[in-house]
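Before any comments, here is the structure.
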Amino acid sequence: MTMNSEEFSITQATLSDLNQLRDLDRICFEKDQWPLLELVSVLILPGIVRLKVEIDGTMAGFIGGDYHKSEGIGWITTIGVRPEYRRRGIARALMVACEQIMNIPSIRLSVRRSNLEAQKLYADLGYKFFEVWNAYYSDGEDALIMEKINLKND
């Protein structure tokens, strides 16, 4: 799958992207980096959405999604854009692409309570507050769970 905008294209990530994904994860999620095994898993397990944006050979953004059509629910498990590539529509494009692939009635995600910029993006895309997971993150910060329902299904 390839989706193009004027500035970038979205393609499938593979195991060969592991080092760049580790770097992106470290930069974007300083406090919440995934263990190496989780990063490998998101790149190789079946039934996982794994999309990237590369600009000039650098992974500028990544999204991972886990979904189960039989349950009618999916999760955006991770999304990150390198700081120098933010505000170009990369996160929005990755979210839309991931939702289209999942094609499922309900998608949820977790976001730090303090991450107001991400919360605004998700709200703009139709996500609404669902619940709070208290002290979810390693430093004790709460996670807000947001959900988008009634997605158009084929």
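Ligands are numbered from 1 in the order shown, chains are lettered A, B, ... in the order of the structure tokens, and residues start at 1 in each chain.
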Give me, as a compact mmCIF listing (two decimals) with C-alpha atoms, in the first residue's frame, all polymer residues having an atom no more than 9 Å from range 123-139 of chain A, counting only C-alpha atoms and skipping those fewer than 4 positions away in the same chain.
```
# COMPACT_ATOMS: atom_id res chain seq x y z
CA LYS A 31 9.91 8.23 28.82
CA ASP A 32 7.92 5.45 27.18
CA ARG A 92 -2.92 13.02 10.34
CA MET A 95 -3.95 8.07 11.22
CA VAL A 96 -6.28 8.22 8.21
CA ILE A 107 -10.73 2.41 17.11
CA ARG A 108 -9.13 3.40 20.40
CA LEU A 109 -5.82 4.89 21.43
CA SER A 110 -4.08 6.08 24.56
CA ARG A 112 -0.74 11.20 27.83
CA ARG A 113 -2.97 13.56 29.77
CA ALA A 118 -1.96 15.06 20.16
CA GLN A 119 -5.36 15.18 21.89
CA ALA A 143 -3.45 7.88 29.93
CA LEU A 144 -6.59 9.24 28.35
CA ILE A 145 -8.28 6.62 26.21
CA MET A 146 -9.95 8.12 23.17
CA GLU A 147 -12.26 6.30 20.78
CA LYS A 148 -13.58 6.85 17.30
CA ILE A 149 -16.79 5.01 16.56
```
request  = Extract the full set of alpha helix (DSSP H) residues from chain A according to DSSP on the backbone, and format it as a VMD selection string.
outcome  = chain A and resid 18 to 28 36 to 44 90 to 102 116 to 124
message = Report as a ChimeraX atom specification all protein, DNA and RNA residues lying within 10 Å of range 11-17 of chain A, evaluated on only C-alpha atoms, omitting residues in the same chain fewer than 2 positions from it.
response = /A:1-4,8-9,19-22,39-44,49-54,58-59,62-64,94,97
Dump of N, CA and C atoms for the selected residues, as a compact mmCIF listing (two decimals), in the first residue's frame:
```txt
# COMPACT_ATOMS: atom_id res chain seq x y z
N MET A 1 0.85 -1.18 0.00
CA MET A 1 0.00 0.00 0.00
C MET A 1 0.89 1.24 0.00
N THR A 2 0.64 2.13 -0.88
CA THR A 2 1.34 3.40 -0.91
C THR A 2 0.32 4.51 -1.07
N MET A 3 0.40 5.49 -0.21
CA MET A 3 -0.44 6.69 -0.32
C MET A 3 0.50 7.87 -0.46
N ASN A 4 0.19 8.75 -1.35
CA ASN A 4 1.08 9.88 -1.59
C ASN A 4 0.40 11.20 -1.26
N PHE A 8 5.16 13.70 0.82
CA PHE A 8 5.63 12.41 1.32
C PHE A 8 4.69 11.31 0.88
N SER A 9 5.17 10.07 1.01
CA SER A 9 4.31 8.92 0.74
C SER A 9 4.31 8.01 1.97
N ASN A 19 15.98 -0.50 12.90
CA ASN A 19 16.89 0.50 13.48
C ASN A 19 16.31 1.91 13.42
N GLN A 20 15.69 2.25 12.29
CA GLN A 20 15.08 3.57 12.18
C GLN A 20 13.88 3.70 13.12
N LEU A 21 13.12 2.61 13.29
CA LEU A 21 11.98 2.66 14.21
C LEU A 21 12.47 2.82 15.65
N ARG A 22 13.54 2.13 16.00
CA ARG A 22 14.12 2.29 17.36
C ARG A 22 14.53 3.73 17.60
N LEU A 39 9.11 -3.72 19.47
CA LEU A 39 9.35 -3.08 18.18
C LEU A 39 9.47 -4.13 17.07
N VAL A 40 10.15 -5.23 17.36
CA VAL A 40 10.25 -6.31 16.38
C VAL A 40 8.84 -6.86 16.10
N SER A 41 8.06 -7.05 17.15
CA SER A 41 6.72 -7.61 16.99
C SER A 41 5.83 -6.76 16.09
N VAL A 42 5.87 -5.45 16.30
CA VAL A 42 5.01 -4.58 15.50
C VAL A 42 5.41 -4.62 14.02
N LEU A 43 6.64 -5.01 13.76
CA LEU A 43 7.11 -5.08 12.37
C LEU A 43 6.92 -6.43 11.72
N ILE A 44 6.65 -7.48 12.50
CA ILE A 44 6.59 -8.82 11.88
C ILE A 44 5.29 -9.60 12.14
N VAL A 49 -1.14 -3.36 11.51
CA VAL A 49 -0.89 -2.28 10.56
C VAL A 49 0.45 -1.66 10.95
N ARG A 50 1.32 -1.48 9.98
CA ARG A 50 2.64 -0.90 10.23
C ARG A 50 2.98 -0.01 9.04
N LEU A 51 2.78 1.26 9.23
CA LEU A 51 2.99 2.21 8.15
C LEU A 51 4.06 3.23 8.51
N LYS A 52 4.79 3.67 7.51
CA LYS A 52 5.85 4.64 7.75
C LYS A 52 5.80 5.73 6.69
N VAL A 53 6.39 6.84 7.05
CA VAL A 53 6.68 7.92 6.11
C VAL A 53 8.19 8.10 6.14
N GLU A 54 8.80 8.01 4.98
CA GLU A 54 10.23 8.27 4.87
C GLU A 54 10.42 9.53 4.05
N THR A 58 15.04 8.99 5.72
CA THR A 58 14.85 8.97 7.17
C THR A 58 13.39 8.66 7.48
N MET A 59 13.17 7.75 8.45
CA MET A 59 11.80 7.49 8.89
C MET A 59 11.31 8.73 9.64
N PHE A 62 5.79 7.04 11.95
CA PHE A 62 5.40 5.63 11.99
C PHE A 62 4.09 5.51 12.76
N ILE A 63 3.26 4.58 12.32
CA ILE A 63 2.04 4.23 13.08
C ILE A 63 1.90 2.72 13.10
N GLY A 64 1.48 2.22 14.26
CA GLY A 64 1.18 0.80 14.41
C GLY A 64 -0.25 0.66 14.87
N LEU A 94 -1.03 9.47 8.50
CA LEU A 94 -0.82 8.13 9.03
C LEU A 94 -2.07 7.61 9.74
N ALA A 97 -4.71 6.73 7.08
CA ALA A 97 -4.33 5.51 6.37
C ALA A 97 -4.54 4.27 7.24
```
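Between Pro83 in chain A and the candidates A:Leu116, A:Cys28, A:Ile10, A:Met102, the tightest atom-to-atom separation, counting only C-alpha atoms, involves A:Cys28.
Take the candidates A:Ile76, A:Leu45, A:Leu36, A:Gly61 and check each one against Ser106 in chain A using only C-alpha atoms; the shortest distance goes to A:Ile76.
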task = Identify all residues of chain A in strand (DSSP E) (DSSP on the backbone) and supply them as a ChimeraX atom specification.
result = /A:3-4,9-12,48-55,58-68,73-81,106-112,128-133,143-149
Selection from above, N, CA and C atoms, as a compact mmCIF listing (two decimals), in the first residue's frame, can you write it?
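Output saved as selection34.txt:
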```txt
# COMPACT_ATOMS: atom_id res chain seq x y z
N MET A 3 0.40 5.49 -0.21
CA MET A 3 -0.44 6.69 -0.32
C MET A 3 0.50 7.87 -0.46
N ASN A 4 0.19 8.75 -1.35
CA ASN A 4 1.08 9.88 -1.59
C ASN A 4 0.40 11.20 -1.26
N SER A 9 5.17 10.07 1.01
CA SER A 9 4.31 8.92 0.74
C SER A 9 4.31 8.01 1.97
N ILE A 10 3.23 7.26 2.10
CA ILE A 10 3.07 6.32 3.20
C ILE A 10 3.24 4.92 2.62
N THR A 11 4.15 4.16 3.23
CA THR A 11 4.39 2.80 2.77
C THR A 11 4.41 1.84 3.95
N GLN A 12 4.39 0.57 3.63
CA GLN A 12 4.44 -0.49 4.63
C GLN A 12 5.83 -0.54 5.27
N ILE A 48 -1.14 -6.84 11.91
CA ILE A 48 -0.75 -5.55 12.47
C ILE A 48 -0.59 -4.55 11.33
N VAL A 49 -1.14 -3.36 11.51
CA VAL A 49 -0.89 -2.28 10.56
C VAL A 49 0.45 -1.66 10.95
N ARG A 50 1.32 -1.48 9.98
CA ARG A 50 2.64 -0.90 10.23
C ARG A 50 2.98 -0.01 9.04
N LEU A 51 2.78 1.26 9.23
CA LEU A 51 2.99 2.21 8.15
C LEU A 51 4.06 3.23 8.51
N LYS A 52 4.79 3.67 7.51
CA LYS A 52 5.85 4.64 7.75
C LYS A 52 5.80 5.73 6.69
N VAL A 53 6.39 6.84 7.05
CA VAL A 53 6.68 7.92 6.11
C VAL A 53 8.19 8.10 6.14
N GLU A 54 8.80 8.01 4.98
CA GLU A 54 10.23 8.27 4.87
C GLU A 54 10.42 9.53 4.05
N ILE A 55 11.31 10.39 4.53
CA ILE A 55 11.68 11.60 3.80
C ILE A 55 13.20 11.62 3.72
N THR A 58 15.04 8.99 5.72
CA THR A 58 14.85 8.97 7.17
C THR A 58 13.39 8.66 7.48
N MET A 59 13.17 7.75 8.45
CA MET A 59 11.80 7.49 8.89
C MET A 59 11.31 8.73 9.64
N ALA A 60 10.44 9.47 9.00
CA ALA A 60 9.91 10.70 9.59
C ALA A 60 8.74 10.42 10.51
N GLY A 61 7.99 9.34 10.23
CA GLY A 61 6.83 9.00 11.05
C GLY A 61 6.49 7.53 10.93
N PHE A 62 5.79 7.04 11.95
CA PHE A 62 5.40 5.63 11.99
C PHE A 62 4.09 5.51 12.76
N ILE A 63 3.26 4.58 12.32
CA ILE A 63 2.04 4.23 13.08
C ILE A 63 1.90 2.72 13.10
N GLY A 64 1.48 2.22 14.26
CA GLY A 64 1.18 0.80 14.41
C GLY A 64 -0.25 0.66 14.87
N GLY A 65 -0.95 -0.32 14.32
CA GLY A 65 -2.33 -0.56 14.71
C GLY A 65 -2.61 -2.04 14.82
N ASP A 66 -3.37 -2.41 15.82
CA ASP A 66 -3.72 -3.80 16.07
C ASP A 66 -5.24 -3.89 16.05
N TYR A 67 -5.78 -4.78 15.23
CA TYR A 67 -7.24 -4.85 15.13
C TYR A 67 -7.72 -6.28 14.94
N HIS A 68 -8.94 -6.48 15.38
CA HIS A 68 -9.58 -7.79 15.28
C HIS A 68 -10.99 -7.56 14.75
N ILE A 73 -13.15 -3.98 17.08
CA ILE A 73 -12.38 -2.92 17.74
C ILE A 73 -10.91 -3.02 17.35
N GLY A 74 -10.29 -1.87 17.23
CA GLY A 74 -8.87 -1.82 16.95
C GLY A 74 -8.20 -0.79 17.85
N TRP A 75 -6.90 -0.89 17.92
CA TRP A 75 -6.11 0.05 18.73
C TRP A 75 -5.00 0.64 17.89
N ILE A 76 -4.83 1.93 17.96
CA ILE A 76 -3.62 2.57 17.48
C ILE A 76 -2.62 2.34 18.60
N THR A 77 -1.64 1.51 18.37
CA THR A 77 -0.72 1.14 19.45
C THR A 77 0.42 2.13 19.60
N THR A 78 0.79 2.77 18.51
CA THR A 78 1.84 3.78 18.57
C THR A 78 1.75 4.67 17.34
N ILE A 79 2.08 5.92 17.53
CA ILE A 79 2.23 6.85 16.41
C ILE A 79 3.26 7.89 16.84
N GLY A 80 4.20 8.14 15.97
CA GLY A 80 5.23 9.13 16.28
C GLY A 80 5.73 9.80 15.01
N VAL A 81 6.06 11.07 15.13
CA VAL A 81 6.66 11.83 14.04
C VAL A 81 7.87 12.56 14.61
N SER A 106 -14.83 0.55 15.57
CA SER A 106 -14.34 1.30 16.73
C SER A 106 -12.82 1.21 16.80
N ILE A 107 -12.18 2.37 16.94
CA ILE A 107 -10.73 2.41 17.11
C ILE A 107 -10.43 3.23 18.34
N ARG A 108 -9.53 2.70 19.17
CA ARG A 108 -9.13 3.40 20.40
C ARG A 108 -7.63 3.66 20.39
N LEU A 109 -7.24 4.59 21.24
CA LEU A 109 -5.82 4.89 21.43
C LEU A 109 -5.64 5.47 22.81
N SER A 110 -4.40 5.45 23.28
CA SER A 110 -4.08 6.08 24.56
C SER A 110 -3.17 7.26 24.29
N VAL A 111 -3.32 8.30 25.11
CA VAL A 111 -2.51 9.49 24.97
C VAL A 111 -2.24 10.07 26.35
N ARG A 112 -1.05 10.58 26.55
CA ARG A 112 -0.74 11.20 27.83
C ARG A 112 -1.69 12.35 28.11
N LYS A 128 -13.13 10.74 20.58
CA LYS A 128 -13.74 11.35 21.76
C LYS A 128 -13.21 10.65 23.00
N PHE A 129 -13.23 11.38 24.12
CA PHE A 129 -12.80 10.81 25.39
C PHE A 129 -13.62 9.57 25.71
N PHE A 130 -12.95 8.50 26.15
CA PHE A 130 -13.62 7.25 26.49
C PHE A 130 -13.45 6.91 27.97
N GLU A 131 -12.20 6.92 28.46
CA GLU A 131 -11.95 6.65 29.87
C GLU A 131 -10.52 7.05 30.23
N VAL A 132 -10.19 6.97 31.52
CA VAL A 132 -8.85 7.27 32.00
C VAL A 132 -8.23 6.00 32.55
N TRP A 133 -6.98 5.77 32.20
CA TRP A 133 -6.20 4.71 32.84
C TRP A 133 -5.23 5.43 33.76
N ALA A 143 -3.17 7.99 31.36
CA ALA A 143 -3.45 7.88 29.93
C ALA A 143 -4.92 8.18 29.73
N LEU A 144 -5.22 9.03 28.78
CA LEU A 144 -6.59 9.24 28.35
C LEU A 144 -6.83 8.26 27.20
N ILE A 145 -7.90 7.53 27.29
CA ILE A 145 -8.28 6.62 26.21
C ILE A 145 -9.32 7.36 25.38
N MET A 146 -9.03 7.45 24.09
CA MET A 146 -9.95 8.12 23.17
C MET A 146 -10.44 7.08 22.17
N GLU A 147 -11.65 7.29 21.67
CA GLU A 147 -12.26 6.30 20.78
C GLU A 147 -12.95 7.01 19.63
N LYS A 148 -12.85 6.40 18.47
CA LYS A 148 -13.58 6.85 17.30
C LYS A 148 -14.53 5.72 16.92
N ILE A 149 -15.80 6.04 16.87
CA ILE A 149 -16.79 5.01 16.56
C ILE A 149 -17.55 5.37 15.28
```
query = Please, what distance in Å, to one decimal, runs between CA of Ala93 in chain A and CA of Lys120 in chain A?
reply = 14.9 Å
